[in-house]
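With PDB, C-alpha atoms and all ligand atoms inside, this is upload.pdb:
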ATOM      1  CA  MET A   1      19.757  16.619  -0.718
ATOM      2  CA  VAL A   2      17.945  13.480  -1.850
ATOM      3  CA  SER A   3      14.687  12.430  -0.177
ATOM      4  CA  LYS A   4      14.593   8.925   1.293
ATOM      5  CA  ALA A   5      11.725   6.491   1.729
ATOM      6  CA  LEU A   6      11.560   3.137   3.527
ATOM      7  CA  THR A   7       9.204   0.267   2.757
ATOM      8  CA  ILE A   8       8.589  -2.472   5.341
ATOM      9  CA  ALA A   9       6.839  -5.280   3.455
ATOM     10  CA  GLY A  10       6.850  -8.735   1.862
ATOM     11  CA  THR A  11       8.427  -9.727  -1.434
ATOM     12  CA  ASP A  12       7.246 -10.597  -4.938
ATOM     13  CA  PRO A  13       9.892 -12.434  -6.993
ATOM     14  CA  THR A  14       8.075 -11.483 -10.206
ATOM     15  CA  GLY A  15       8.475  -7.821  -9.316
ATOM     16  CA  GLY A  16       4.885  -6.563  -9.567
ATOM     17  CA  ALA A  17       3.905  -6.181  -5.912
ATOM     18  CA  GLY A  18       5.416  -5.861  -2.448
ATOM     19  CA  ILE A  19       8.948  -4.614  -1.786
ATOM     20  CA  GLN A  20       9.954  -4.823  -5.431
ATOM     21  CA  ALA A  21       7.048  -2.650  -6.614
ATOM     22  CA  ASP A  22       7.702  -0.166  -3.826
ATOM     23  CA  LEU A  23      11.401   0.235  -4.606
ATOM     24  CA  LYS A  24      10.732   0.660  -8.332
ATOM     25  CA  THR A  25       8.130   3.299  -7.563
ATOM     26  CA  PHE A  26      10.451   5.207  -5.209
ATOM     27  CA  GLN A  27      13.188   5.151  -7.842
ATOM     28  CA  GLU A  28      10.845   6.263 -10.625
ATOM     29  CA  LEU A  29       9.718   9.207  -8.497
ATOM     30  CA  GLY A  30      13.297  10.278  -7.760
ATOM     31  CA  VAL A  31      13.368   9.205  -4.105
ATOM     32  CA  PHE A  32      16.122   7.009  -2.606
ATOM     33  CA  GLY A  33      14.442   3.714  -1.667
ATOM     34  CA  MET A  34      15.243   1.436   1.284
ATOM     35  CA  SER A  35      13.551  -1.792   2.357
ATOM     36  CA  VAL A  36      12.953  -4.052   5.345
ATOM     37  CA  ILE A  37      11.646  -7.519   4.466
ATOM     38  CA  THR A  38       8.922  -8.954   6.703
ATOM     39  CA  SER A  39       8.049 -12.101   4.687
ATOM     40  CA  VAL A  40       9.553 -13.838   1.691
ATOM     41  CA  VAL A  41       6.637 -14.699  -0.565
ATOM     42  CA  SER A  42       6.643 -17.264  -3.349
ATOM     43  CA  GLN A  43       4.197 -15.713  -5.815
ATOM     44  CA  ASN A  44       3.796 -14.724  -9.429
ATOM     45  CA  THR A  45       1.127 -13.207 -11.645
ATOM     46  CA  LEU A  46      -0.967 -16.378 -11.224
ATOM     47  CA  GLY A  47      -1.087 -16.257  -7.432
ATOM     48  CA  VAL A  48       0.592 -16.788  -4.085
ATOM     49  CA  ARG A  49       2.121 -20.239  -3.425
ATOM     50  CA  SER A  50       3.454 -19.839   0.114
ATOM     51  CA  PHE A  51       5.408 -17.488   2.337
ATOM     52  CA  VAL A  52       7.977 -17.569   5.118
ATOM     53  CA  ASP A  53       7.796 -14.869   7.775
ATOM     54  CA  MET A  54      10.953 -13.220   9.052
ATOM     55  CA  HIS A  55      11.361 -13.583  12.821
ATOM     56  CA  GLU A  56      10.422 -10.368  14.642
ATOM     57  CA  GLU A  57      13.980  -9.965  15.987
ATOM     58  CA  PHE A  58      15.275  -9.953  12.434
ATOM     59  CA  ILE A  59      12.661  -7.410  11.362
ATOM     60  CA  GLU A  60      13.761  -5.267  14.307
ATOM     61  CA  SER A  61      17.421  -5.650  13.371
ATOM     62  CA  GLN A  62      16.736  -4.546   9.784
ATOM     63  CA  ILE A  63      14.768  -1.492  10.942
ATOM     64  CA  ASP A  64      17.553  -0.531  13.355
ATOM     65  CA  ALA A  65      20.153  -0.986  10.606
ATOM     66  CA  VAL A  66      18.279   1.543   8.458
ATOM     67  CA  PHE A  67      17.481   4.141  11.114
ATOM     68  CA  GLU A  68      20.913   4.050  12.772
ATOM     69  CA  ASP A  69      22.455   4.938   9.425
ATOM     70  CA  ILE A  70      20.048   6.672   7.004
ATOM     71  CA  ARG A  71      16.893   8.241   8.444
ATOM     72  CA  PRO A  72      13.966   7.936   5.993
ATOM     73  CA  ASP A  73      11.772  10.995   5.355
ATOM     74  CA  ALA A  74       8.708   8.751   5.066
ATOM     75  CA  VAL A  75       7.861   5.110   5.800
ATOM     76  CA  LYS A  76       5.375   2.741   4.190
ATOM     77  CA  THR A  77       4.261  -0.632   5.574
ATOM     78  CA  GLY A  78       2.722  -3.388   3.470
ATOM     79  CA  MET A  79       2.448  -7.108   4.271
ATOM     80  CA  LEU A  80       2.729  -7.714   8.028
ATOM     81  CA  SER A  81       1.302 -11.184   8.403
ATOM     82  CA  ASN A  82       1.243 -11.777  12.152
ATOM     83  CA  PRO A  83       0.809  -9.964  15.481
ATOM     84  CA  SER A  84       4.518 -10.260  16.427
ATOM     85  CA  ALA A  85       5.630  -8.526  13.242
ATOM     86  CA  ILE A  86       3.046  -5.785  13.783
ATOM     87  CA  ALA A  87       4.070  -5.296  17.414
ATOM     88  CA  ILE A  88       7.749  -4.875  16.575
ATOM     89  CA  VAL A  89       7.048  -2.490  13.696
ATOM     90  CA  ALA A  90       4.742  -0.397  15.899
ATOM     91  CA  LYS A  91       7.393  -0.285  18.623
ATOM     92  CA  LYS A  92      10.055   0.875  16.172
ATOM     93  CA  LEU A  93       7.850   3.507  14.491
ATOM     94  CA  LYS A  94       7.293   4.994  17.960
ATOM     95  CA  GLU A  95      10.921   4.655  19.058
ATOM     96  CA  TYR A  96      12.166   6.455  15.926
ATOM     97  CA  ASN A  97       9.377   9.011  16.107
ATOM     98  CA  VAL A  98       8.242   8.461  12.514
ATOM     99  CA  SER A  99       5.876  11.249  11.525
ATOM    100  CA  GLN A 100       5.188  10.449   7.856
ATOM    101  CA  TYR A 101       3.809   6.907   7.801
ATOM    102  CA  VAL A 102       1.608   5.315   5.113
ATOM    103  CA  LEU A 103      -0.123   2.088   6.222
ATOM    104  CA  ASP A 104      -1.211  -0.189   3.357
ATOM    105  CA  PRO A 105      -3.258  -2.765   5.320
ATOM    106  CA  VAL A 106      -2.475  -5.692   3.017
ATOM    107  CA  MET A 107      -4.792  -8.619   3.786
ATOM    108  CA  VAL A 108      -5.660 -10.762   0.775
ATOM    109  CA  ALA A 109      -3.849 -10.902  -2.588
ATOM    110  CA  SER A 110      -6.068 -10.430  -5.634
ATOM    111  CA  SER A 111      -5.629 -14.173  -6.295
ATOM    112  CA  GLY A 112      -7.532 -14.776  -3.038
ATOM    113  CA  HIS A 113      -4.574 -15.920  -0.894
ATOM    114  CA  GLU A 114      -4.596 -14.607   2.707
ATOM    115  CA  LEU A 115      -1.429 -12.625   3.457
ATOM    116  CA  ILE A 116      -2.325 -11.880   7.087
ATOM    117  CA  SER A 117      -3.643 -13.994   9.966
ATOM    118  CA  GLN A 118      -7.059 -13.274  11.503
ATOM    119  CA  GLU A 119      -5.474 -12.223  14.835
ATOM    120  CA  ALA A 120      -3.195  -9.793  13.027
ATOM    121  CA  ARG A 121      -6.199  -7.838  11.672
ATOM    122  CA  GLN A 122      -6.987  -6.741  15.223
ATOM    123  CA  SER A 123      -3.345  -5.754  15.788
ATOM    124  CA  VAL A 124      -3.438  -3.551  12.678
ATOM    125  CA  LYS A 125      -6.389  -1.673  14.163
ATOM    126  CA  GLU A 126      -5.040  -1.372  17.674
ATOM    127  CA  GLU A 127      -1.334  -0.855  17.098
ATOM    128  CA  LEU A 128      -0.772   0.624  13.638
ATOM    129  CA  LEU A 129      -3.786   2.817  12.825
ATOM    130  CA  PRO A 130      -3.092   5.275  15.673
ATOM    131  CA  LEU A 131       0.464   5.802  14.358
ATOM    132  CA  ALA A 132      -0.329   6.334  10.673
ATOM    133  CA  THR A 133      -0.510   9.535   8.645
ATOM    134  CA  LEU A 134      -2.637   7.659   6.104
ATOM    135  CA  VAL A 135      -4.228   4.222   5.742
ATOM    136  CA  THR A 136      -5.023   2.983   2.210
ATOM    137  CA  PRO A 137      -7.532   0.084   2.343
ATOM    138  CA  ASN A 138      -9.216  -1.389  -0.695
ATOM    139  CA  LEU A 139     -12.904  -2.222  -0.208
ATOM    140  CA  PRO A 140     -12.481  -5.710   1.346
ATOM    141  CA  GLU A 141      -9.805  -4.301   3.681
ATOM    142  CA  ALA A 142     -12.026  -1.352   4.640
ATOM    143  CA  GLU A 143     -14.833  -3.817   5.403
ATOM    144  CA  ALA A 144     -12.544  -6.004   7.516
ATOM    145  CA  LEU A 145     -11.230  -3.028   9.482
ATOM    146  CA  THR A 146     -14.582  -1.343  10.119
ATOM    147  CA  GLY A 147     -17.077  -4.226  10.103
ATOM    148  CA  LEU A 148     -19.178  -2.348   7.514
ATOM    149  CA  THR A 149     -20.582  -3.864   4.335
ATOM    150  CA  ILE A 150     -19.571  -1.398   1.632
ATOM    151  CA  GLU A 151     -21.991  -1.122  -1.281
ATOM    152  CA  THR A 152     -22.272   2.609  -1.954
ATOM    153  CA  ILE A 153     -20.124   5.751  -2.059
ATOM    154  CA  GLU A 154     -21.721   6.761   1.238
ATOM    155  CA  ASP A 155     -20.517   3.449   2.745
ATOM    156  CA  MET A 156     -16.978   4.176   1.500
ATOM    157  CA  LYS A 157     -17.094   7.594   3.153
ATOM    158  CA  GLU A 158     -18.486   6.128   6.374
ATOM    159  CA  ALA A 159     -15.583   3.643   6.461
ATOM    160  CA  GLY A 160     -13.147   6.550   6.129
ATOM    161  CA  ARG A 161     -14.897   8.421   8.917
ATOM    162  CA  ILE A 162     -14.789   5.404  11.281
ATOM    163  CA  LEU A 163     -11.096   4.781  10.614
ATOM    164  CA  VAL A 164     -10.225   8.403  11.437
ATOM    165  CA  GLU A 165     -12.686   9.270  14.191
ATOM    166  CA  GLU A 166     -12.936   5.906  15.969
ATOM    167  CA  TYR A 167      -9.591   4.206  15.273
ATOM    168  CA  GLY A 168      -7.348   7.252  15.388
ATOM    169  CA  VAL A 169      -5.599   7.250  12.005
ATOM    170  CA  LYS A 170      -4.962  10.815  10.754
ATOM    171  CA  ALA A 171      -6.448  10.196   7.306
ATOM    172  CA  ALA A 172      -8.015   7.323   5.362
ATOM    173  CA  LEU A 173      -7.996   6.764   1.600
ATOM    174  CA  ILE A 174     -10.696   4.258   0.636
ATOM    175  CA  LYS A 175      -9.732   2.881  -2.772
ATOM    176  CA  GLY A 176     -12.379   2.148  -5.348
ATOM    177  CA  GLY A 177     -10.586  -0.434  -7.482
ATOM    178  CA  HIS A 178     -13.060  -3.121  -6.350
ATOM    179  CA  TYR A 179     -16.101  -0.847  -6.785
ATOM    180  CA  LYS A 180     -18.462  -0.897  -9.733
ATOM    181  CA  GLY A 181     -18.196   2.103 -12.052
ATOM    182  CA  GLU A 182     -15.191   4.408 -12.319
ATOM    183  CA  ALA A 183     -11.982   3.963 -10.290
ATOM    184  CA  ASP A 184     -12.710   6.703  -7.749
ATOM    185  CA  ASP A 185     -11.028   6.846  -4.351
ATOM    186  CA  TYR A 186     -12.194   8.864  -1.301
ATOM    187  CA  LEU A 187      -9.840  10.561   1.142
ATOM    188  CA  TYR A 188     -11.098  11.621   4.574
ATOM    189  CA  ASN A 189      -8.595  13.819   6.386
ATOM    190  CA  GLY A 190     -10.616  14.491   9.519
ATOM    191  CA  THR A 191     -12.344  17.589   8.183
ATOM    192  CA  GLU A 192     -13.392  16.933   4.604
ATOM    193  CA  PHE A 193     -13.834  14.204   1.989
ATOM    194  CA  LEU A 194     -11.859  14.549  -1.231
ATOM    195  CA  LYS A 195     -12.523  12.488  -4.327
ATOM    196  CA  PHE A 196      -9.672  11.278  -6.551
ATOM    197  CA  SER A 197     -11.141  10.139  -9.853
ATOM    198  CA  ALA A 198      -9.927   8.027 -12.727
ATOM    199  CA  LYS A 199     -11.490   6.328 -15.678
ATOM    200  CA  ARG A 200     -11.658   2.546 -15.153
ATOM    201  CA  PHE A 201      -9.428   0.748 -17.684
ATOM    202  CA  ASP A 202     -10.545  -2.609 -18.991
ATOM    203  CA  THR A 203      -7.417  -4.538 -18.023
ATOM    204  CA  LYS A 204      -6.408  -7.547 -15.932
ATOM    205  CA  HIS A 205      -2.915  -6.092 -15.400
ATOM    206  CA  THR A 206      -3.408  -4.563 -11.961
ATOM    207  CA  HIS A 207      -1.186  -6.850  -9.862
ATOM    208  CA  GLY A 208       0.459  -4.730  -7.199
ATOM    209  CA  SER A 209      -1.607  -1.614  -7.885
ATOM    210  CA  GLY A 210      -2.296  -1.041  -4.173
ATOM    211  CA  CYS A 211       1.403  -1.381  -3.292
ATOM    212  CA  THR A 212       2.448   0.931  -6.112
ATOM    213  CA  TYR A 213      -0.152   3.576  -5.213
ATOM    214  CA  ALA A 214       0.817   3.632  -1.513
ATOM    215  CA  ALA A 215       4.519   3.710  -2.429
ATOM    216  CA  ALA A 216       3.965   6.677  -4.763
ATOM    217  CA  ILE A 217       2.130   8.559  -1.998
ATOM    218  CA  THR A 218       4.963   7.729   0.417
ATOM    219  CA  ALA A 219       7.561   9.004  -2.076
ATOM    220  CA  ARG A 220       5.705  12.292  -2.470
ATOM    221  CA  LEU A 221       5.340  12.706   1.307
ATOM    222  CA  ALA A 222       9.111  12.128   1.587
ATOM    223  CA  GLU A 223       9.553  14.936  -0.952
ATOM    224  CA  GLY A 224       7.546  17.304   1.242
ATOM    225  CA  ASP A 225       4.103  17.280  -0.414
ATOM    226  CA  SER A 226       1.050  17.895   1.733
ATOM    227  CA  LEU A 227      -1.126  14.798   2.167
ATOM    228  CA  ASN A 228      -3.666  16.008  -0.408
ATOM    229  CA  GLN A 229      -0.916  16.753  -2.945
ATOM    230  CA  ALA A 230       0.761  13.392  -2.284
ATOM    231  CA  VAL A 231      -2.486  11.488  -2.916
ATOM    232  CA  GLU A 232      -3.125  13.520  -6.074
ATOM    233  CA  HIS A 233       0.365  12.666  -7.410
ATOM    234  CA  GLY A 234      -0.026   9.030  -6.304
ATOM    235  CA  LYS A 235      -3.369   8.709  -8.092
ATOM    236  CA  SER A 236      -1.951  10.146 -11.274
ATOM    237  CA  PHE A 237       1.053   7.748 -11.039
ATOM    238  CA  ILE A 238      -1.057   4.610 -10.501
ATOM    239  CA  THR A 239      -3.549   5.595 -13.204
ATOM    240  CA  SER A 240      -0.715   6.023 -15.681
ATOM    241  CA  ALA A 241       0.821   2.694 -14.566
ATOM    242  CA  ILE A 242      -2.509   0.875 -15.118
ATOM    243  CA  SER A 243      -3.331   2.671 -18.385
ATOM    244  CA  ASN A 244      -0.217   1.487 -20.181
ATOM    245  CA  PRO A 245      -0.009  -2.273 -19.518
ATOM    246  CA  LEU A 246       3.122  -4.325 -20.182
ATOM    247  CA  GLU A 247       1.098  -7.500 -20.666
ATOM    248  CA  ILE A 248       3.736  -9.800 -19.211
ATOM    249  CA  GLY A 249       3.037 -12.886 -17.105
ATOM    250  CA  LYS A 250       0.509 -15.678 -17.549
ATOM    251  CA  GLY A 251      -2.001 -14.279 -15.103
ATOM    252  CA  GLN A 252      -2.850 -10.876 -13.667
ATOM    253  CA  GLY A 253       0.215  -8.955 -14.829
ATOM    254  CA  PRO A 254       1.987  -6.063 -13.116
ATOM    255  CA  THR A 255       1.246  -2.399 -13.569
ATOM    256  CA  ASN A 256       3.724  -0.478 -15.706
ATOM    257  CA  HIS A 257       5.697   1.792 -13.410
ATOM    258  CA  TRP A 258       7.679   3.166 -16.295
ATOM    259  CA  GLY A 259       4.625   4.049 -18.416
ATOM    260  CA  HIS A 260       6.479   5.924 -21.112
ATOM    261  CA  ARG A 261       9.760   3.976 -21.142
ATOM    262  CA  LEU A 262       9.047   0.221 -20.960
ATOM    263  CA  THR A 263       7.178  -1.472 -23.762
ATOM    264  CA  THR A 264       6.606  -5.087 -24.726
ATOM    265  CA  LYS A 265       7.257  -6.271 -28.279
TER
HETATM  266  N1  LIG B   1      -9.140  -1.094 -13.814
HETATM  267  C1  LIG B   1      -8.699   0.025 -13.213
HETATM  268  N2  LIG B   1      -8.618   1.194 -13.916
HETATM  269  C2  LIG B   1      -8.161   2.323 -13.323
HETATM  270  N3  LIG B   1      -7.777   2.393 -12.030
HETATM  271  C3  LIG B   1      -7.856   1.264 -11.278
HETATM  272  C4  LIG B   1      -8.314   0.034 -11.826
HETATM  273  N4  LIG B   1      -8.264  -0.913 -10.841
HETATM  274  C5  LIG B   1      -7.791  -0.290  -9.740
HETATM  275  N5  LIG B   1      -7.568   1.037  -9.981
HETATM  276  C6  LIG B   1      -7.038   2.021  -9.057
HETATM  277  O1  LIG B   1      -5.803   1.480  -8.548
HETATM  278  C7  LIG B   1      -5.631   1.840  -7.190
HETATM  279  C8  LIG B   1      -5.541   0.569  -6.339
HETATM  280  O2  LIG B   1      -6.847   0.151  -6.117
HETATM  281  P1  LIG B   1      -7.452  -1.182  -5.553
HETATM  282  O3  LIG B   1      -7.564  -2.183  -6.663
HETATM  283  O4  LIG B   1      -8.731  -0.815  -4.891
HETATM  284  O5  LIG B   1      -6.388  -1.658  -4.480
HETATM  285  P2  LIG B   1      -5.635  -3.048  -4.201
HETATM  286  O6  LIG B   1      -4.632  -3.257  -5.301
HETATM  287  O7  LIG B   1      -5.003  -2.815  -2.859
HETATM  288  O8  LIG B   1      -6.703  -4.107  -4.194
HETATM  289  C9  LIG B   1      -6.828   2.761  -6.853
HETATM  290  O9  LIG B   1      -6.495   4.093  -7.124
HETATM  291  C10 LIG B   1      -7.898   2.270  -7.829
HETATM  292  O10 LIG B   1      -8.900   3.254  -8.026
HETATM  293  C1  LIG B   2       4.262  -9.184  -0.754
HETATM  294  C2  LIG B   2       2.946  -8.710  -1.231
HETATM  295  N1  LIG B   2       2.398  -7.620  -0.673
HETATM  296  C3  LIG B   2       1.184  -7.188  -1.092
HETATM  297  C4  LIG B   2       0.509  -7.853  -2.092
HETATM  298  C5  LIG B   2      -0.845  -7.394  -2.546
HETATM  299  O1  LIG B   2      -0.647  -6.455  -3.500
HETATM  300  P1  LIG B   2      -1.720  -5.318  -3.896
HETATM  301  O2  LIG B   2      -0.980  -4.165  -4.392
HETATM  302  O3  LIG B   2      -2.687  -5.093  -2.797
HETATM  303  O4  LIG B   2      -2.500  -5.922  -5.066
HETATM  304  P2  LIG B   2      -2.804  -7.299  -5.674
HETATM  305  O5  LIG B   2      -1.560  -7.746  -6.316
HETATM  306  O6  LIG B   2      -3.282  -8.215  -4.623
HETATM  307  O7  LIG B   2      -3.872  -6.897  -6.644
HETATM  308  C6  LIG B   2       1.108  -8.962  -2.665
HETATM  309  N2  LIG B   2       0.510  -9.650  -3.665
HETATM  310  N3  LIG B   2       2.333  -9.377  -2.214
END

Can the structure from this file be put into C-alpha cells for me?
Ligand SMILES: Nc1ncnc2c1ncn2[C@@H]1O[C@H](COP(=O)(O)OP(=O)(O)O)[C@@H](O)[C@H]1O
Ligand SMILES: Cc1ncc(COP(=O)(O)OP(=O)(O)O)c(N)n1
Amino acid sequence: MVSKALTIAGTDPTGGAGIQADLKTFQELGVFGMSVITSVVSQNTLGVRSFVDMHEEFIESQIDAVFEDIRPDAVKTGMLSNPSAIAIVAKKLKEYNVSQYVLDPVMVASSGHELISQEARQSVKEELLPLATLVTPNLPEAEALTGLTIETIEDMKEAGRILVEEYGVKAALIKGGHYKGEADDYLYNGTEFLKFSAKRFDTKHTHGSGCTYAAAITARLAEGDSLNQAVEHGKSFITSAISNPLEIGKGQGPTNHWGHRLTTK
C-alpha cells in the first residue's frame, strides 16, 4: 500500500519552492503526493512579483475533494497568506482529524517579499500551532512567532521551548539556515532538544529549501517514521539537495531534489 501526503500551499512556476517543490520531494521519497493550492504566486529565482489568493471556499472545496476520496497519511501546510485561509485550513484539519501535520510557517521569501499579512501571523499562532505535530520556522519566523531576538543557540532553543510549552505545538524544529556558522537545526519535542547538524555549503542555490525540508519530513511521517527519524531523514535529504546544486536560474536557484540524477551541462 502506497503512503500518501498532502501539501496545502502556494505555487512557484519555476518549480523550486511551494507546491511544486513539495510534490517533487514527495515523489522522490516514494510517497504519493497531493496538493491544495492556497495562492497562485508569480515568482522566479529572482524574487516574488505578485500573488493571487484562492478564496477560502475554494480552498475548502479542494481539501474536501482530497479527503472525501484519498485520505492522506500526513499533511503539510506552507503559504497561507491571510486569516480566512488559515481559519478554513484549521477547521478542516480538525474536521478530518489529521494527526500527522507539519506546519511550515512561511512568512517572507528569501527575496524579502512578504507572503503573509501581519494579521495572519497571529492566526498562525492561535489556530494552527495547537494542531501541529511539528512547526518548522527559520530564524526570522521563529522571532516573529515568539517575539524573541535570536542571536545564540540558547535563543534558538528558547524559541522552541516557547512554541511547544506556551503555544501548544507538539514539537518545534528551529532551522539554522540563517544562523552564522554551520547549518544546525534544533528540535524540541517537549522533553529534550535534539541537534541536526550539517556543514554549511557556500552556495546561493537554496531557493525553496524550507519547503523541501518540511515536505521531506512530511513524506517520512506518512511512511510511519517517528518524528525524530523523520527529521533525521529530512535533514539528510535537504543537505544532499543543497550540496549538489543545479545552478539554473538567474538568481537564487532551486535546491536539487534529485541530487544524483539531475545535472546541468
Ligand atoms: N548554505 C547551506 N548549507 C547547508 N544547509 C543549509 C544551508 N542553508 C540552509 N540550510 C539548511 O536548509 C534547511 C532550511 O533552512 P532555512 O534556510 O533556515 O529555512 P528557509 O528556507 O525556510 O529560510 C535547514 O536544514 C538549514 O540548516
Ligand atoms: C509559494 C511559496 N511558498 C514558500 C516560499 C518560501 O520558500 P522557502 O522554502 O521558505 O525558501 P525561500 O525560497 O524563501 O528561501 C516561496 N518562495 N513560495

Ligand LIG 2 (chain B) neighbours within 7 Å using all atoms listed in the file, as a list in words: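 Result of the 7 Å neighbour search around ligand LIG 2 (chain B): Ala9, Gly10, Thr11, Asp12, Ala17, Gly18, Ile19, Val41, Gly78, Met79, Val106, Val108, Ala109, Ser110, Ser111, Thr206, His207, Gly208, Ser209, Gly210, Cys211 and Thr212 of chain A.
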
Go ahead and save the residues from that selection, with C-alpha atoms, as an mmCIF file, in the frame of the given file.
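Output saved as out24.cif:
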data_model
loop_
_atom_site.group_PDB
_atom_site.id
_atom_site.type_symbol
_atom_site.label_atom_id
_atom_site.label_comp_id
_atom_site.auth_asym_id
_atom_site.auth_seq_id
_atom_site.Cartn_x
_atom_site.Cartn_y
_atom_site.Cartn_z
ATOM 1 C CA ALA A 9 6.839 -5.280 3.455
ATOM 2 C CA GLY A 10 6.850 -8.735 1.862
ATOM 3 C CA THR A 11 8.427 -9.727 -1.434
ATOM 4 C CA ASP A 12 7.246 -10.597 -4.938
ATOM 5 C CA ALA A 17 3.905 -6.181 -5.912
ATOM 6 C CA GLY A 18 5.416 -5.861 -2.448
ATOM 7 C CA ILE A 19 8.948 -4.614 -1.786
ATOM 8 C CA VAL A 41 6.637 -14.699 -0.565
ATOM 9 C CA GLY A 78 2.722 -3.388 3.470
ATOM 10 C CA MET A 79 2.448 -7.108 4.271
ATOM 11 C CA VAL A 106 -2.475 -5.692 3.017
ATOM 12 C CA VAL A 108 -5.660 -10.762 0.775
ATOM 13 C CA ALA A 109 -3.849 -10.902 -2.588
ATOM 14 C CA SER A 110 -6.068 -10.430 -5.634
ATOM 15 C CA SER A 111 -5.629 -14.173 -6.295
ATOM 16 C CA THR A 206 -3.408 -4.563 -11.961
ATOM 17 C CA HIS A 207 -1.186 -6.850 -9.862
ATOM 18 C CA GLY A 208 0.459 -4.730 -7.199
ATOM 19 C CA SER A 209 -1.607 -1.614 -7.885
ATOM 20 C CA GLY A 210 -2.296 -1.041 -4.173
ATOM 21 C CA CYS A 211 1.403 -1.381 -3.292
ATOM 22 C CA THR A 212 2.448 0.931 -6.112
#

All residues having an atom within 9 Å of ligand LIG 1 (chain B) (only C-alpha atoms and all ligand atoms) as a PyMOL selection string: chain A and resi 104-110+136-141+174-179+182-185+196-214+234-236+238-243

Mind telling me what the PyMOL selection byres (((chain A and resi 85) around 12) and not hetatm) catches here, as a PyMOL selection string? chain A and resi 8-10+36-39+53-60+63+77-84+86-92+116-117+119-121+123-124+127-128

Writing out the chosen residues with C-alpha atoms as a JSON list (two decimals), keeping the file's coordinate frame:
[["chain", "number", "residue", "atom", "x", "y", "z"],
["A", 8, "ILE", "CA", 8.59, -2.47, 5.34],
["A", 9, "ALA", "CA", 6.84, -5.28, 3.46],
["A", 10, "GLY", "CA", 6.85, -8.74, 1.86],
["A", 36, "VAL", "CA", 12.95, -4.05, 5.34],
["A", 37, "ILE", "CA", 11.65, -7.52, 4.47],
["A", 38, "THR", "CA", 8.92, -8.95, 6.70],
["A", 39, "SER", "CA", 8.05, -12.10, 4.69],
["A", 53, "ASP", "CA", 7.80, -14.87, 7.78],
["A", 54, "MET", "CA", 10.95, -13.22, 9.05],
["A", 55, "HIS", "CA", 11.36, -13.58, 12.82],
["A", 56, "GLU", "CA", 10.42, -10.37, 14.64],
["A", 57, "GLU", "CA", 13.98, -9.96, 15.99],
["A", 58, "PHE", "CA", 15.28, -9.95, 12.43],
["A", 59, "ILE", "CA", 12.66, -7.41, 11.36],
["A", 60, "GLU", "CA", 13.76, -5.27, 14.31],
["A", 63, "ILE", "CA", 14.77, -1.49, 10.94],
["A", 77, "THR", "CA", 4.26, -0.63, 5.57],
["A", 78, "GLY", "CA", 2.72, -3.39, 3.47],
["A", 79, "MET", "CA", 2.45, -7.11, 4.27],
["A", 80, "LEU", "CA", 2.73, -7.71, 8.03],
["A", 81, "SER", "CA", 1.30, -11.18, 8.40],
["A", 82, "ASN", "CA", 1.24, -11.78, 12.15],
["A", 83, "PRO", "CA", 0.81, -9.96, 15.48],
["A", 84, "SER", "CA", 4.52, -10.26, 16.43],
["A", 86, "ILE", "CA", 3.05, -5.78, 13.78],
["A", 87, "ALA", "CA", 4.07, -5.30, 17.41],
["A", 88, "ILE", "CA", 7.75, -4.88, 16.58],
["A", 89, "VAL", "CA", 7.05, -2.49, 13.70],
["A", 90, "ALA", "CA", 4.74, -0.40, 15.90],
["A", 91, "LYS", "CA", 7.39, -0.28, 18.62],
["A", 92, "LYS", "CA", 10.06, 0.88, 16.17],
["A", 116, "ILE", "CA", -2.33, -11.88, 7.09],
["A", 117, "SER", "CA", -3.64, -13.99, 9.97],
["A", 119, "GLU", "CA", -5.47, -12.22, 14.84],
["A", 120, "ALA", "CA", -3.20, -9.79, 13.03],
["A", 121, "ARG", "CA", -6.20, -7.84, 11.67],
["A", 123, "SER", "CA", -3.34, -5.75, 15.79],
["A", 124, "VAL", "CA", -3.44, -3.55, 12.68],
["A", 127, "GLU", "CA", -1.33, -0.86, 17.10],
["A", 128, "LEU", "CA", -0.77, 0.62, 13.64]]

Interatomic distance between CA of Leu194 (chain A) and CA of Glu154 (chain A)? 12.8 Å

List the residues matched by the PyMOL selection byres (((chain A and resi 227) around 10) and not hetatm) in the displayed structure as an NGL selection string, ordered by chain and then by residue number. :A and (100 or 133-134 or 171 or 187 or 189 or 217-218 or 220-221 or 224-226 or 228-233)

Please determine, counting only C-alpha atoms, which residue among A:Leu46, A:Val135, A:Val2, A:Ala216 has the shortest atom-to-atom distance to Tyr188 (chain A).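 Closest to Tyr188 (chain A), using only C-alpha atoms: A:Val135.
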
Check what the PyMOL selection byres (((chain A and resi 245-251) around 6) and not hetatm) selects in the file above and give those residues as a list in words. Thr45, Leu46, Ile242, Asn244, Gln252, Gly253, Asn256 and Thr264 of chain A

Using only C-alpha atoms, which of the listed residues (A:Gly160, A:Gly16, A:Gly47, A:Gly190) sits closest to Gly112 (chain A)?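 Of all the options, A:Gly47 lies closest to Gly112 (chain A).
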
Do you have the CA of Leu129 (chain A)-CA of Ala74 (chain A) distance handy? 15.9 Å

Kindly output region 62-67 of chain A as a PDB file, keeping the file's coordinate frame, after building N, CA and C atoms.
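Writing done, so here's rebuild18.pdb:
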ATOM      1  N   GLN A  62      16.697  -5.259  11.075  1.00  0.00           N
ATOM      2  CA  GLN A  62      16.736  -4.546   9.784  1.00  0.00           C
ATOM      3  C   GLN A  62      16.298  -3.090   9.954  1.00  0.00           C
ATOM      4  N   ILE A  63      15.254  -2.877  10.750  1.00  0.00           N
ATOM      5  CA  ILE A  63      14.768  -1.492  10.942  1.00  0.00           C
ATOM      6  C   ILE A  63      15.847  -0.657  11.643  1.00  0.00           C
ATOM      7  N   ASP A  64      16.478  -1.251  12.663  1.00  0.00           N
ATOM      8  CA  ASP A  64      17.553  -0.531  13.355  1.00  0.00           C
ATOM      9  C   ASP A  64      18.701  -0.226  12.399  1.00  0.00           C
ATOM     10  N   ALA A  65      19.037  -1.192  11.549  1.00  0.00           N
ATOM     11  CA  ALA A  65      20.153  -0.986  10.606  1.00  0.00           C
ATOM     12  C   ALA A  65      19.881   0.219   9.706  1.00  0.00           C
ATOM     13  N   VAL A  66      18.621   0.385   9.300  1.00  0.00           N
ATOM     14  CA  VAL A  66      18.279   1.543   8.458  1.00  0.00           C
ATOM     15  C   VAL A  66      18.352   2.829   9.277  1.00  0.00           C
ATOM     16  N   PHE A  67      17.614   2.874  10.381  1.00  0.00           N
ATOM     17  CA  PHE A  67      17.481   4.141  11.114  1.00  0.00           C
ATOM     18  C   PHE A  67      18.782   4.594  11.776  1.00  0.00           C
TER      19      PHE A  67
END
